[in-house]
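Here's entry-v7.pdb, which has PDB, C-alpha atoms:
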ATOM      1  CA  THR W 281     -68.096  20.977  78.597
ATOM      2  CA  THR W 282     -69.078  17.882  76.606
ATOM      3  CA  LEU W 283     -67.901  19.175  73.225
ATOM      4  CA  ILE W 284     -64.309  17.928  73.509
ATOM      5  CA  PRO W 285     -65.188  14.417  74.808
ATOM      6  CA  LYS W 286     -67.825  14.039  72.049
ATOM      7  CA  ARG W 287     -65.341  15.159  69.391
ATOM      8  CA  ASP W 288     -62.685  12.817  70.780
ATOM      9  CA  LYS W 289     -65.107   9.888  70.676
ATOM     10  CA  ALA W 290     -66.109  10.696  67.083
ATOM     11  CA  ILE W 291     -62.481  10.953  65.916
ATOM     12  CA  THR W 292     -61.519   7.722  67.704
ATOM     13  CA  SER W 293     -64.528   5.903  66.244
ATOM     14  CA  ASN W 294     -63.709   7.119  62.722
ATOM     15  CA  LEU W 295     -60.038   6.162  63.060
ATOM     16  CA  THR W 296     -60.915   2.734  64.488
ATOM     17  CA  ALA W 297     -63.190   2.094  61.492
ATOM     18  CA  LYS W 298     -60.466   3.116  59.023
ATOM     19  CA  LEU W 299     -57.833   0.983  60.750
ATOM     20  CA  GLY W 300     -60.274  -1.925  60.854
ATOM     21  CA  VAL W 301     -60.518  -2.088  57.061
ATOM     22  CA  ALA W 302     -56.858  -1.281  56.335
ATOM     23  CA  LYS W 303     -55.034  -4.272  54.887
ATOM     24  CA  SER W 304     -51.969  -3.420  56.947
ATOM     25  CA  VAL W 305     -50.895  -0.768  59.419
ATOM     26  CA  CYS W 306     -47.326   0.376  59.976
ATOM     27  CA  LEU W 307     -46.499   1.885  63.347
ATOM     28  CA  THR W 308     -43.684   4.316  64.006
ATOM     29  CA  LEU W 309     -42.438   5.104  67.483
ATOM     30  CA  ASP W 310     -40.562   8.166  68.597
ATOM     31  CA  LEU W 311     -38.878   8.663  71.959
ATOM     32  CA  TRP W 312     -37.629  12.100  72.898
ATOM     33  CA  THR W 313     -36.659  14.205  75.879
ATOM     34  CA  SER W 314     -38.010  17.707  76.450
ATOM     35  CA  ARG W 315     -35.848  20.628  77.487
ATOM     36  CA  GLN W 316     -37.107  19.994  81.023
ATOM     37  CA  THR W 317     -35.629  16.450  80.729
ATOM     38  CA  LYS W 318     -39.032  14.730  80.657
ATOM     39  CA  GLY W 319     -39.245  11.694  78.379
ATOM     40  CA  PHE W 320     -42.086  11.208  75.896
ATOM     41  CA  LEU W 321     -43.285   8.438  73.595
ATOM     42  CA  GLY W 322     -45.219   9.112  70.387
ATOM     43  CA  ILE W 323     -46.956   6.361  68.399
ATOM     44  CA  THR W 324     -48.151   7.015  64.842
ATOM     45  CA  ALA W 325     -50.098   4.675  62.540
ATOM     46  CA  HIS W 326     -49.564   4.775  58.754
ATOM     47  CA  PHE W 327     -52.039   3.076  56.413
ATOM     48  CA  LEU W 328     -53.739   3.297  53.029
ATOM     49  CA  ASP W 329     -57.204   4.889  53.071
ATOM     50  CA  GLU W 330     -58.869   4.485  49.668
ATOM     51  CA  TRP W 331     -55.405   4.362  48.023
ATOM     52  CA  ARG W 332     -54.241   7.491  49.845
ATOM     53  CA  MET W 333     -51.422   7.335  52.358
ATOM     54  CA  SER W 334     -52.774   8.376  55.736
ATOM     55  CA  SER W 335     -51.154   8.862  59.117
ATOM     56  CA  ALA W 336     -52.668   9.363  62.543
ATOM     57  CA  MET W 337     -51.061   9.939  65.915
ATOM     58  CA  LEU W 338     -52.358   7.222  68.221
ATOM     59  CA  SER W 339     -50.639   8.240  71.410
ATOM     60  CA  ARG W 340     -48.370  10.780  73.017
ATOM     61  CA  GLN W 341     -47.514  10.004  76.598
ATOM     62  CA  ARG W 342     -44.867  10.393  79.242
ATOM     63  CA  PHE W 343     -42.051   7.867  79.051
ATOM     64  CA  ARG W 344     -40.269   7.206  82.312
ATOM     65  CA  GLY W 345     -36.854   5.606  82.469
ATOM     66  CA  SER W 346     -34.050   5.075  79.997
ATOM     67  CA  HIS W 347     -34.697   5.363  76.253
ATOM     68  CA  THR W 348     -32.727   2.179  75.626
ATOM     69  CA  GLY W 349     -33.134  -1.487  76.456
ATOM     70  CA  LYS W 350     -36.113  -3.374  77.809
ATOM     71  CA  GLN W 351     -38.131  -0.279  78.792
ATOM     72  CA  SER W 352     -38.067   0.997  75.201
ATOM     73  CA  HIS W 353     -39.492  -2.314  74.004
ATOM     74  CA  ILE W 354     -42.166  -3.022  76.629
ATOM     75  CA  THR W 355     -43.686   0.444  77.127
ATOM     76  CA  PRO W 356     -44.804   0.909  73.475
ATOM     77  CA  LEU W 357     -46.316  -2.593  73.346
ATOM     78  CA  VAL W 358     -48.325  -1.964  76.512
ATOM     79  CA  ALA W 359     -49.500   1.396  75.138
ATOM     80  CA  ILE W 360     -50.524  -0.072  71.757
ATOM     81  CA  ARG W 361     -52.372  -3.034  73.254
ATOM     82  CA  SER W 362     -54.258  -0.785  75.683
ATOM     83  CA  MET W 363     -55.731   1.213  72.777
ATOM     84  CA  ASN W 364     -57.932  -1.700  71.632
ATOM     85  CA  PHE W 365     -57.506  -0.897  67.960
ATOM     86  CA  PRO W 366     -58.644  -3.546  65.455
ATOM     87  CA  PHE W 367     -55.200  -4.834  64.513
ATOM     88  CA  SER W 368     -52.645  -7.052  66.151
ATOM     89  CA  VAL W 369     -49.063  -6.121  66.923
ATOM     90  CA  HIS W 370     -46.368  -8.625  65.914
TER
END

Written as structure tokens, how would this file's structure read?
Amino acid sequence: TTLIPKRDKAITSNLTAKLGVAKSVCLTLDLWTSRQTKGFLGITAHFLDEWRMSSAMLSRQRFRGSHTGKQSHITPLVAIRSMNFPFSVH
């Protein structure tokens, strides 16, 4: 029962190291609604890893409320800052 948490920790550690040495990281956000009308937010990081374009999904979580306006701006920032990755969001 510890296999998945250990694997998750290893992947997160590896990704944090790669993002820590990346000169820049571009984030893309995607908001969508499921067929059951539940909202979701996906956050993906894009960066160069030894001159290769790499992408990694940082988060996929429920998104409550409207997909427009203030909620769509604040929720991703809170999610990104809570991840404690070694880059700042501007």

Residues near Thr324 of chain W, cut-off 7 Å, only C-alpha atoms, skip fewer than 5 positions along chain, as a list of chain:residue names: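 Answer for this query is W:Leu307, W:Thr308, W:Leu309, W:Ser335, W:Ala336, W:Met337, W:Leu338.
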
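Minimum atom-to-atom distance to Asp310 of chain W, evaluated using all atoms listed in the file, belongs to W:Ile323 out of W:Gly345, W:Ile323, W:Leu283, W:Ser293.
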
Output check: residues returned by the PyMOL selection byres ((chain W and resi 365) around 12), as a list in words: Thr292, Ser293, Asn294, Leu295, Thr296, Ala297, Lys298, Leu299, Gly300, Val301, Ala302, Val305, Ala325, Leu338, Ser339, Ala359, Ile360, Arg361, Ser362, Met363, Asn364, Pro366, Phe367, Ser368 and Val369 of chain W

Result set of the PyMOL selection byres ((chain W and resi 319) around 9) on the coordinates above, as a ChimeraX atom specification: /W:311-314,316-318,320-321,341-347

Residues from the last selection, C-alpha atoms, saved as a short mmCIF file (atom, residue, chain, number, x, y, z; two decimals), in the coordinates of the input:
data_model
loop_
_atom_site.label_atom_id
_atom_site.label_comp_id
_atom_site.auth_asym_id
_atom_site.auth_seq_id
_atom_site.Cartn_x
_atom_site.Cartn_y
_atom_site.Cartn_z
CA LEU W 311 -38.88 8.66 71.96
CA TRP W 312 -37.63 12.10 72.90
CA THR W 313 -36.66 14.20 75.88
CA SER W 314 -38.01 17.71 76.45
CA GLN W 316 -37.11 19.99 81.02
CA THR W 317 -35.63 16.45 80.73
CA LYS W 318 -39.03 14.73 80.66
CA PHE W 320 -42.09 11.21 75.90
CA LEU W 321 -43.28 8.44 73.60
CA GLN W 341 -47.51 10.00 76.60
CA ARG W 342 -44.87 10.39 79.24
CA PHE W 343 -42.05 7.87 79.05
CA ARG W 344 -40.27 7.21 82.31
CA GLY W 345 -36.85 5.61 82.47
CA SER W 346 -34.05 5.08 80.00
CA HIS W 347 -34.70 5.36 76.25
#

Interatomic distance (Å, one decimal) between atom CA of His326 of chain W and atom CA of Lys286 of chain W: 24.4 Å

Pairwise distance for atom CA of Trp331 of chain W and atom CA of Lys303 of chain W, rounded to one decimal in Å: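 A separation of 11.0 Å between them.
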
Atom pair atom CA of Thr355 of chain W / atom CA of Gly322 of chain W: separation (Å):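 Separation of atom CA of Thr355 of chain W and atom CA of Gly322 of chain W: 11.1 Å.
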
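Each of W:Ile284, W:Phe327, W:Leu357, W:Met333 was compared to Cys306 of chain W using all atoms listed in the file, and W:Phe327 turns out to be the nearest.
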